[in-house]
$ cat structure36.txt   # compact mmCIF, C-alpha atoms and all ligand atoms
# COMPACT_ATOMS: atom_id res chain seq x y z
CA MET J 8 40.31 -18.55 10.90
CA GLN J 9 37.75 -20.88 9.35
CA HIS J 10 34.44 -21.54 11.07
CA THR J 11 33.12 -25.11 11.26
CA SER J 12 30.27 -24.34 8.89
CA TYR J 13 28.90 -21.51 6.78
CA ILE J 14 25.65 -20.29 5.31
CA GLU J 15 24.94 -19.08 1.79
CA ILE J 16 22.07 -16.72 1.05
CA SER J 17 20.73 -16.66 -2.51
CA ARG J 18 20.04 -13.24 -3.95
CA SER J 19 18.12 -14.59 -6.95
CA ALA J 20 15.85 -16.75 -4.76
CA PHE J 21 15.04 -13.74 -2.61
CA LYS J 22 14.16 -11.66 -5.66
CA LYS J 23 11.90 -14.41 -6.96
CA ASN J 24 10.04 -14.61 -3.64
CA ILE J 25 9.57 -10.87 -3.45
CA ASP J 26 8.33 -10.73 -7.04
CA PHE J 27 5.77 -13.44 -6.28
CA ILE J 28 4.59 -11.80 -3.07
CA ARG J 29 4.27 -8.38 -4.69
CA LYS J 30 2.21 -9.83 -7.51
CA ASP J 31 0.10 -11.80 -5.09
CA ILE J 32 -0.72 -8.91 -2.76
CA GLY J 33 -1.36 -6.44 -5.56
CA ALA J 34 -0.21 -2.90 -6.21
CA ALA J 35 -2.51 -1.27 -3.65
CA THR J 36 -0.86 -2.97 -0.70
CA SER J 37 2.65 -2.17 0.47
CA LEU J 38 5.09 -4.66 1.89
CA SER J 39 6.91 -4.59 5.19
CA LEU J 40 9.63 -7.20 5.43
CA VAL J 41 9.74 -8.81 8.85
CA VAL J 42 13.38 -9.17 9.93
CA LYS J 43 13.01 -10.23 13.56
CA GLY J 44 15.11 -13.15 14.80
CA ASN J 45 18.14 -11.96 12.81
CA ALA J 46 16.01 -11.91 9.66
CA TYR J 47 14.81 -15.45 10.38
CA GLY J 48 18.40 -16.53 10.74
CA HIS J 49 19.54 -15.09 7.40
CA GLY J 50 21.36 -12.13 8.93
CA VAL J 51 19.91 -8.62 9.17
CA GLU J 52 22.99 -7.15 7.52
CA ASN J 53 22.57 -9.41 4.48
CA ILE J 54 18.85 -9.11 4.09
CA VAL J 55 18.21 -5.40 4.58
CA PRO J 56 20.47 -4.14 1.75
CA MET J 57 19.26 -6.95 -0.53
CA ALA J 58 15.65 -6.03 0.19
CA GLU J 59 16.39 -2.38 -0.50
CA GLU J 60 17.94 -3.34 -3.86
CA ASN J 61 14.57 -4.92 -4.59
CA GLY J 62 12.76 -1.71 -3.77
CA MET J 63 11.68 -2.46 -0.23
CA ARG J 64 11.56 0.48 2.17
CA HIS J 65 9.80 -0.88 5.24
CA PHE J 66 11.11 -3.33 7.85
CA SER J 67 9.50 -4.84 10.93
CA THR J 68 11.35 -6.06 13.99
CA PHE J 69 10.31 -7.46 17.34
CA SER J 70 12.53 -5.31 19.53
CA ALA J 71 14.43 -2.05 19.78
CA ASP J 72 17.87 -3.65 19.52
CA GLU J 73 16.87 -5.32 16.26
CA ALA J 74 15.50 -2.01 14.99
CA LEU J 75 18.85 -0.33 15.60
CA ARG J 76 20.60 -3.06 13.65
CA VAL J 77 18.25 -2.46 10.74
CA PHE J 78 18.83 1.28 11.09
CA HIS J 79 22.56 0.78 10.64
CA ALA J 80 22.19 -1.81 7.87
CA SER J 81 19.82 0.37 5.84
CA LYS J 82 21.34 2.41 3.03
CA MET J 83 18.08 3.98 1.89
CA GLY J 84 16.66 5.48 5.05
CA SER J 85 13.88 2.88 5.11
CA GLU J 86 11.08 2.95 7.67
CA ILE J 87 11.55 0.67 10.63
CA MET J 88 8.73 -0.59 12.85
CA ILE J 89 9.06 -2.29 16.25
CA MET J 90 6.18 -4.69 16.84
CA GLY J 91 7.11 -5.79 20.32
CA MET J 92 9.58 -4.94 23.04
CA LEU J 93 11.20 -1.66 23.83
CA MET J 94 12.15 -0.03 27.11
CA ASN J 95 10.64 3.35 27.82
CA GLU J 96 14.13 4.73 28.35
CA ASP J 97 14.92 3.94 24.70
CA LEU J 98 12.04 6.07 23.43
CA GLY J 99 14.22 9.19 23.09
CA GLU J 100 16.62 7.53 20.67
CA LEU J 101 13.85 5.77 18.75
CA ILE J 102 11.81 8.93 18.29
CA GLN J 103 14.95 10.85 17.38
CA LYS J 104 15.73 8.31 14.64
CA GLY J 105 12.13 8.32 13.41
CA ILE J 106 11.64 4.64 14.20
CA ASN J 107 7.99 3.52 14.32
CA PHE J 108 6.75 1.40 17.18
CA TYR J 109 3.64 -0.42 18.33
CA VAL J 110 1.71 0.98 21.26
CA PHE J 111 -0.47 -1.56 23.06
CA ASP J 112 -0.74 -0.19 26.57
CA PHE J 113 -1.21 3.13 28.29
CA ASP J 114 2.18 3.07 29.93
CA ARG J 115 4.00 3.15 26.62
CA LEU J 116 1.56 5.66 25.15
CA GLU J 117 2.06 8.04 28.06
CA ALA J 118 5.82 7.64 27.98
CA ALA J 119 5.95 8.22 24.23
CA VAL J 120 3.87 11.39 24.53
CA ALA J 121 6.05 12.68 27.35
CA VAL J 122 9.27 12.08 25.43
CA ALA J 123 7.89 13.49 22.17
CA LYS J 124 6.80 16.62 24.03
CA THR J 125 10.26 17.32 25.44
CA MET J 126 11.89 16.60 22.08
CA GLY J 127 9.48 18.64 20.01
CA LYS J 128 9.27 15.69 17.61
CA LYS J 129 6.27 13.44 16.98
CA ALA J 130 6.33 9.81 17.99
CA LYS J 131 5.43 7.55 15.06
CA ILE J 132 3.06 5.02 16.55
CA HIS J 133 1.07 2.01 15.43
CA VAL J 134 -1.87 1.34 17.70
CA GLU J 135 -2.30 -2.38 18.22
CA VAL J 136 -5.75 -3.61 19.13
CA GLU J 137 -6.85 -6.88 20.71
CA THR J 138 -8.93 -8.95 18.34
CA GLY J 139 -8.41 -12.45 19.72
CA PHE J 140 -4.69 -13.25 19.75
CA HIS J 141 -4.63 -12.39 23.45
CA ARG J 142 -1.03 -11.39 23.79
CA THR J 143 -0.80 -7.65 23.29
CA GLY J 144 -3.23 -4.98 22.10
CA PHE J 145 -5.75 -2.52 23.52
CA GLU J 146 -9.00 -4.09 24.62
CA TRP J 147 -12.35 -3.13 23.10
CA GLU J 148 -13.39 -1.67 26.46
CA GLU J 149 -10.37 0.62 26.47
CA ARG J 150 -11.15 2.30 23.19
CA GLU J 151 -12.89 5.42 24.52
CA TRP J 152 -10.04 6.19 26.85
CA LEU J 153 -7.63 5.50 24.03
CA ILE J 154 -9.49 7.73 21.60
CA ASN J 155 -9.47 10.56 24.14
CA GLN J 156 -5.75 10.15 24.67
CA LEU J 157 -5.02 10.14 20.94
CA LYS J 158 -7.07 13.32 20.52
CA GLU J 159 -5.59 15.09 23.50
CA HIS J 160 -2.01 14.33 22.50
CA ALA J 161 -2.45 14.63 18.74
CA PRO J 162 0.33 17.25 18.35
CA PHE J 163 2.88 14.74 19.64
CA LEU J 164 1.72 11.65 17.81
CA GLU J 165 1.92 10.60 14.20
CA LEU J 166 -0.69 7.89 13.76
CA LYS J 167 1.19 5.63 11.34
CA GLY J 168 -0.93 2.57 11.74
CA LEU J 169 -3.78 0.63 13.27
CA CYS J 170 -2.91 -3.04 13.51
CA THR J 171 -3.50 -6.48 14.95
CA HIS J 172 -2.04 -9.98 14.56
CA TYR J 173 -3.86 -13.23 13.77
CA ALA J 174 -3.78 -16.27 15.98
CA GLY J 175 -2.75 -18.92 13.50
CA ALA J 176 -3.89 -17.98 10.00
CA GLU J 177 -1.69 -20.81 8.69
CA SER J 178 -4.13 -23.51 9.78
CA ILE J 179 -7.73 -24.00 8.75
CA ALA J 180 -8.39 -25.27 12.29
CA ASN J 181 -8.28 -21.61 13.35
CA TYR J 182 -10.62 -20.44 10.61
CA VAL J 183 -13.43 -19.29 12.88
CA ARG J 184 -11.07 -17.54 15.25
CA VAL J 185 -9.37 -15.66 12.41
CA ARG J 186 -12.74 -14.70 10.88
CA ASN J 187 -13.81 -13.29 14.23
CA GLN J 188 -10.56 -11.36 14.46
CA ILE J 189 -11.14 -9.79 11.05
CA LYS J 190 -14.62 -8.77 12.18
CA GLN J 191 -13.33 -7.36 15.45
CA PHE J 192 -10.63 -5.34 13.69
CA LYS J 193 -13.27 -3.79 11.44
CA GLN J 194 -15.27 -2.84 14.54
CA PHE J 195 -12.26 -1.06 15.93
CA LYS J 196 -11.67 0.76 12.67
CA LYS J 197 -15.30 1.85 12.56
CA SER J 198 -15.10 3.09 16.10
CA PHE J 199 -12.00 5.19 15.35
CA ASP J 200 -13.52 6.42 12.09
CA SER J 201 -16.61 7.63 13.89
CA GLN J 202 -14.39 9.80 16.07
CA ASN J 203 -12.48 11.09 13.04
CA ILE J 204 -9.32 9.33 14.04
CA THR J 205 -7.64 7.92 10.99
CA PHE J 206 -4.36 6.12 10.57
CA GLU J 207 -1.93 6.26 7.69
CA LYS J 208 -2.04 2.48 7.24
CA TYR J 209 -4.28 -0.35 8.40
CA HIS J 210 -2.29 -3.55 8.59
CA THR J 211 -3.04 -7.00 9.96
CA ALA J 212 -1.63 -9.69 7.68
CA CYS J 213 1.40 -11.94 8.15
CA SER J 214 2.41 -14.34 5.36
CA ALA J 215 -0.33 -16.89 6.00
CA ALA J 216 -3.09 -14.31 6.28
CA ALA J 217 -1.94 -12.53 3.12
CA LEU J 218 -1.85 -15.83 1.22
CA LEU J 219 -5.17 -17.22 2.48
CA TYR J 220 -7.42 -14.33 3.50
CA PRO J 221 -7.29 -11.63 0.79
CA GLU J 222 -9.32 -9.13 2.79
CA THR J 223 -6.64 -9.01 5.50
CA LYS J 224 -4.15 -7.39 3.13
CA MET J 225 -5.48 -3.83 3.54
CA ASP J 226 -2.80 -1.09 3.16
CA MET J 227 0.25 -3.07 4.15
CA VAL J 228 1.26 -6.65 4.88
CA ARG J 229 4.00 -7.77 7.26
CA ILE J 230 5.72 -10.64 5.51
CA GLY J 231 8.36 -12.82 7.07
CA ILE J 232 8.56 -16.52 6.32
CA ALA J 233 7.30 -16.35 2.71
CA ALA J 234 9.98 -13.84 1.75
CA TYR J 235 12.58 -16.32 2.96
CA GLY J 236 11.10 -18.91 0.67
CA PHE J 237 8.84 -21.00 2.89
CA TRP J 238 5.12 -21.59 2.99
CA PRO J 239 3.97 -20.90 6.56
CA THR J 240 2.69 -24.49 6.67
CA GLN J 241 2.20 -27.33 4.20
CA GLU J 242 -1.51 -26.63 4.52
CA THR J 243 -1.06 -23.08 3.23
CA TYR J 244 0.72 -24.41 0.16
CA MET J 245 -1.93 -27.02 -0.51
CA TYR J 246 -4.64 -24.40 -0.23
CA ARG J 247 -2.97 -22.19 -2.81
CA PHE J 248 -1.65 -24.89 -5.10
CA GLN J 249 -4.58 -24.88 -7.55
CA SER J 250 -4.43 -21.13 -8.00
CA LEU J 251 -0.73 -21.12 -8.90
CA PRO J 252 0.07 -20.97 -12.62
CA ASP J 253 1.02 -24.29 -14.21
CA ASN J 254 4.47 -23.09 -15.13
CA ASP J 255 5.23 -21.87 -11.62
CA LYS J 256 3.82 -24.25 -9.04
CA ASN J 257 6.73 -23.58 -6.76
CA PRO J 258 7.10 -19.81 -6.57
CA LEU J 259 8.79 -19.66 -3.17
CA LYS J 260 12.45 -20.56 -3.11
CA ARG J 261 14.67 -21.25 -0.14
CA LEU J 262 17.48 -18.66 0.18
CA ILE J 263 19.51 -20.49 2.70
CA THR J 264 22.11 -23.21 2.26
CA TRP J 265 24.07 -24.54 5.22
CA LYS J 266 27.34 -26.31 4.59
CA SER J 267 30.12 -27.84 6.58
CA SER J 268 32.85 -30.34 5.82
CA ILE J 269 34.08 -33.68 7.06
CA MET J 270 36.39 -33.32 10.04
CA ASN J 271 37.45 -36.94 10.35
CA THR J 272 36.56 -40.45 9.15
CA LYS J 273 36.76 -43.63 11.15
CA SER J 274 36.14 -47.38 10.81
CA VAL J 275 33.85 -48.96 13.36
CA LYS J 276 33.51 -52.71 13.85
CA MET J 277 30.16 -54.44 13.90
CA GLY J 278 28.71 -54.46 17.43
CA GLU J 279 30.53 -51.34 18.62
CA PHE J 280 28.53 -48.36 19.91
CA ILE J 281 28.96 -45.00 18.21
CA GLY J 282 29.20 -41.80 20.24
CA TYR J 283 27.87 -41.17 23.76
CA GLY J 284 25.84 -43.89 25.42
CA SER J 285 24.40 -46.81 23.58
CA SER J 286 21.81 -45.31 21.28
CA TYR J 287 23.49 -46.68 18.16
CA MET J 288 25.23 -50.03 17.73
CA ALA J 289 26.95 -50.66 14.43
CA PRO J 290 24.94 -53.37 12.62
CA ARG J 291 27.89 -54.10 10.34
CA ASP J 292 31.46 -52.97 9.87
CA MET J 293 31.05 -49.28 9.11
CA THR J 294 32.81 -46.12 8.06
CA ILE J 295 31.57 -43.00 9.77
CA ALA J 296 32.37 -39.37 9.08
CA LEU J 297 32.35 -36.67 11.71
CA VAL J 298 30.74 -33.36 10.73
CA PRO J 299 31.50 -30.46 13.09
CA ILE J 300 28.01 -29.09 13.69
CA GLY J 301 25.92 -29.95 16.74
CA TYR J 302 23.15 -28.70 18.97
CA GLY J 303 25.37 -25.73 19.89
CA HIS J 304 24.92 -24.65 16.26
CA GLY J 305 21.17 -25.13 16.27
CA TYR J 306 21.24 -28.74 15.05
CA SER J 307 18.71 -30.18 17.47
CA ARG J 308 19.51 -33.15 19.73
CA LEU J 309 16.20 -34.56 18.56
CA LEU J 310 17.99 -35.32 15.31
CA SER J 311 20.06 -38.00 17.04
CA ASN J 312 19.71 -41.13 14.88
CA GLN J 313 17.22 -39.13 12.77
CA GLY J 314 19.01 -36.36 10.91
CA LYS J 315 20.38 -36.54 7.39
CA VAL J 316 23.34 -34.92 5.67
CA LEU J 317 24.37 -34.77 2.01
CA ILE J 318 27.85 -36.04 1.18
CA SER J 319 29.08 -36.83 -2.35
CA GLY J 320 25.56 -36.28 -3.61
CA VAL J 321 24.15 -38.99 -1.34
CA ILE J 322 21.79 -38.51 1.61
CA VAL J 323 23.39 -40.22 4.60
CA PRO J 324 21.95 -40.69 8.11
CA VAL J 325 23.16 -39.36 11.44
CA VAL J 326 24.22 -42.25 13.66
CA GLY J 327 24.29 -41.88 17.44
CA THR J 328 23.55 -38.77 19.42
CA VAL J 329 23.99 -35.19 18.26
CA THR J 330 26.62 -33.65 20.51
CA MET J 331 27.25 -30.00 21.25
CA ASN J 332 29.66 -29.59 18.36
CA SER J 333 29.42 -32.60 16.07
CA ILE J 334 27.46 -35.41 14.51
CA ALA J 335 28.59 -38.76 13.11
CA VAL J 336 27.12 -39.89 9.80
CA ASP J 337 27.18 -43.27 8.11
CA VAL J 338 29.31 -43.13 4.94
CA THR J 339 29.97 -46.87 4.67
CA ASP J 340 28.44 -47.14 1.21
CA LEU J 341 30.13 -44.10 -0.27
CA GLU J 342 33.30 -44.37 -2.27
CA LYS J 343 36.32 -42.25 -1.55
CA VAL J 344 35.00 -40.13 1.27
CA GLN J 345 37.71 -38.14 2.94
CA LYS J 346 38.46 -35.44 5.43
CA GLY J 347 37.64 -32.00 4.00
CA ASP J 348 34.81 -33.18 1.74
CA GLU J 349 31.77 -30.92 1.68
CA ALA J 350 28.81 -31.88 3.86
CA VAL J 351 25.51 -30.14 3.12
CA ILE J 352 23.13 -29.82 6.05
CA ILE J 353 20.52 -27.71 4.29
CA GLY J 354 20.58 -27.36 0.54
CA CYS J 355 21.48 -29.16 -2.68
CA GLN J 356 24.36 -31.32 -3.73
CA GLY J 357 24.65 -33.51 -6.81
CA GLY J 358 20.98 -33.19 -7.69
CA LYS J 359 19.74 -34.14 -4.21
CA GLU J 360 18.21 -31.75 -1.72
CA LEU J 361 17.79 -31.51 2.03
CA SER J 362 15.07 -29.01 2.75
CA VAL J 363 14.43 -27.14 5.97
CA ALA J 364 11.06 -28.88 6.21
CA SER J 365 12.77 -32.27 6.32
CA PHE J 366 14.18 -31.26 9.69
CA GLY J 367 10.74 -30.49 10.96
CA GLU J 368 9.59 -33.96 10.06
CA SER J 369 12.27 -35.55 12.18
CA SER J 370 12.54 -33.09 15.03
CA GLN J 371 9.09 -31.44 15.33
CA GLN J 372 10.74 -28.09 14.73
CA VAL J 373 8.92 -25.70 12.49
CA ASN J 374 10.82 -23.82 9.80
CA TYR J 375 10.72 -20.65 11.87
CA GLU J 376 12.42 -22.30 14.82
CA LEU J 377 15.17 -24.04 12.93
CA LEU J 378 16.07 -20.88 11.01
CA THR J 379 16.16 -18.54 13.95
CA ARG J 380 18.25 -20.93 16.00
CA LEU J 381 21.11 -20.74 13.52
CA PRO J 382 23.76 -18.93 15.53
CA GLN J 383 24.60 -15.39 14.52
CA ASP J 384 28.31 -16.13 14.41
CA ILE J 385 28.14 -18.68 11.60
CA PRO J 386 29.56 -16.78 8.60
CA ARG J 387 26.95 -15.89 6.02
CA PHE J 388 27.67 -15.08 2.37
CA VAL J 389 25.33 -13.65 -0.20
CA VAL J 390 25.61 -15.57 -3.48
CA ASP J 391 23.73 -15.19 -6.77
C1 LIG J 401 6.41 -12.49 12.96
C2 LIG J 401 5.29 -11.56 12.68
C3 LIG J 401 4.83 -11.38 11.38
C4 LIG J 401 5.36 -12.18 10.19
O1 LIG J 401 4.94 -13.51 10.26
P1 LIG J 401 5.26 -14.54 9.06
O2 LIG J 401 4.42 -15.70 9.37
O3 LIG J 401 6.71 -14.87 9.17
O4 LIG J 401 4.93 -13.86 7.79
C5 LIG J 401 3.84 -10.44 11.17
N1 LIG J 401 3.33 -9.73 12.22
C6 LIG J 401 3.76 -9.88 13.47
C7 LIG J 401 3.15 -9.06 14.56
C8 LIG J 401 4.74 -10.80 13.76
O5 LIG J 401 5.15 -10.98 15.01

$ encode --input "structure36.txt" --output "structure tokens"
Amino acid sequence: MQHTSYIEISRSAFKKNIDFIRKDIGAATSLSLVVKGNAYGHGVENIVPMAEENGMRHFSTFSADEALRVFHASKMGSEIMIMGMLMNEDLGELIQKGINFYVFDFDRLEAAVAVAKTMGKKAKIHVEVETGFHRTGFEWEEREWLINQLKEHAPFLELKGLCTHYAGAESIANYVRVRNQIKQFKQFKKSFDSQNITFEKYHTACSAAALLYPETKMDMVRIGIAAYGFWPTQETYMYRFQSLPDNDKNPLKRLITWKSSIMNTKSVKMGEFIGYGSSYMAPRDMTIALVPIGYGHGYSRLLSNQGKVLISGVIVPVVGTVTMNSIAVDVTDLEKVQKGDEAVIIGCQGGKELSVASFGESSQQVNYELLTRLPQDIPRFVVD
């Protein structure tokens, strides 16, 4: 059975992004690929093996369920790190499988120690510290208690990392806040050092931090959006533009292409309304084409009368409201449009391109949001 749309993932674009990132971060820093949110909508099962083909051996997820998906998708026994949610009752399986996880409160630390003790296997932990993001992380005031705990339970803990996360490194508006976070992280490190507690890796940087604040790179960076071919923000790109070589001003390439096809065409007389309600009245006799993707597929309702689709190499506008399963587009000026013709929602056709960012401009969605809202059940194919 055919689905109403499908997604292509470009292997060569991914390789190009990874090559650029590796070169940019330098040989001393290792790379963890962030694959939360179904690998930013690209599909964990597509991305993990492709990343491993490119030499990657470290993956970061938000939650335990995502980590297990990576575990099964991995063919190389790569390291997996959970940066967010897990239930204490899952600790046994996670420790058994050698999956790394963040620890940011005493409850999880205690539970991990207890489980590791009964299993006779060390828990691989990354201690997250609060530096100013104010979501998760041990507070500065908690450090003595924490240090005592880490010492006392040392036989059951493998200290894989000390880490934090920046509150908006992608915007210069947060410059002072990020600078203070860097400073605070160094204070934490110093404090642990003075007690002879060392971690295998110190890691703080996401894509934006790695691209804009070189000193945040440390031993490892956790890269998501850039690996999928997007600058975290336009601002990030502008900041780096000068430093990019003349022959490669556009080193990050989109992997994803989203395609559907025309389900039906219809003539509409001038003055008639198209679709639900009265948001669009035909200003002339028109031909419209129905494309079977809607807000149920992650195509935001905010794109009503705003979105664009590529048909026959021409960018055509959405007319009327986005419905759950379909949109209508204006194809009046196209020749020979018919049922079954390809409709590109994201990607290239006939020398024209619809980027992911163009959605953001019309629907206020950031790249991250649009990508991760692409439903998991849309078929995805890796292409060269
Ligand atoms: C999502 C996330 C990242 C990756 O962020 P990008 O901007 O996609 O590179 C890194 N670290 C943590 C803790 C995250 O949650």

$ residues_near_ligand --input "structure36.txt" --ligand "ligand LIG 401 (chain J)" --cutoff "9 Å" --atoms "all atoms listed in the file" --output "VMD selection string"
chain J and resid 39 to 44 47 67 to 69 90 to 91 170 to 173 175 to 177 211 to 217 228 to 235 238 to 239 375

$ atom_distance --input "structure36.txt" --atom1 "CA of Val136 in chain J" --atom2 "CA of Arg150 in chain J"
9.0 Å

$ atom_distance --input "structure36.txt" --atom1 "CA of Gly327 in chain J" --atom2 "CA of Tyr283 in chain J"
7.3 Å

$ atom_distance --input "structure36.txt" --atom1 "CA of Val326 in chain J" --atom2 "CA of Leu381 in chain J"
21.7 Å

$ closest_residue --input "structure36.txt" --among "J:Asn155, J:Gln249, J:Ser178, J:Ser17" --to "Gly354 in chain J" --atoms "only C-alpha atoms"
J:Ser17

$ axis_aligned_box --input "structure36.txt" --around "range 282-298 of chain J" --padding-each-side "4 Å" --output "lines of an AutoDock Vina configuration file"
center_x = 27.3
center_y = -43.7
center_z = 16.7
size_x = 19.0
size_y = 28.7
size_z = 25.4

$ closest_residue --input "structure36.txt" --among "J:Thr294, J:Ser285, J:Gln188, J:Gln103" --to "Gly127 in chain J" --atoms "only C-alpha atoms"
J:Gln103

$ closest_residue --input "structure36.txt" --among "J:Ile14, J:Ile25, J:Val134, J:Met277" --to "Leu259 in chain J" --atoms "all atoms listed in the file"
J:Ile25

$ closest_residue --input "structure36.txt" --among "J:Lys315, J:Lys190, J:His79, J:Lys266" --to "Ile16 in chain J" --atoms "all atoms listed in the file"
J:Lys266

$ closest_residue --input "structure36.txt" --among "J:Met88, J:Met288, J:Leu317, J:Met227" --to "Glu73 in chain J" --atoms "all atoms listed in the file"
J:Met88

$ closest_residue --input "structure36.txt" --among "J:Thr223, J:Val183, J:Ala335, J:Thr205" --to "Lys273 in chain J" --atoms "all atoms listed in the file"
J:Ala335

$ residues_around --input "structure36.txt" --residues "Ala34 in chain J" --least-positions-apart "4" --cutoff "12 Å" --atoms "only C-alpha atoms" --output "VMD selection string"
chain J and resid 26 28 to 30 38 224 to 228
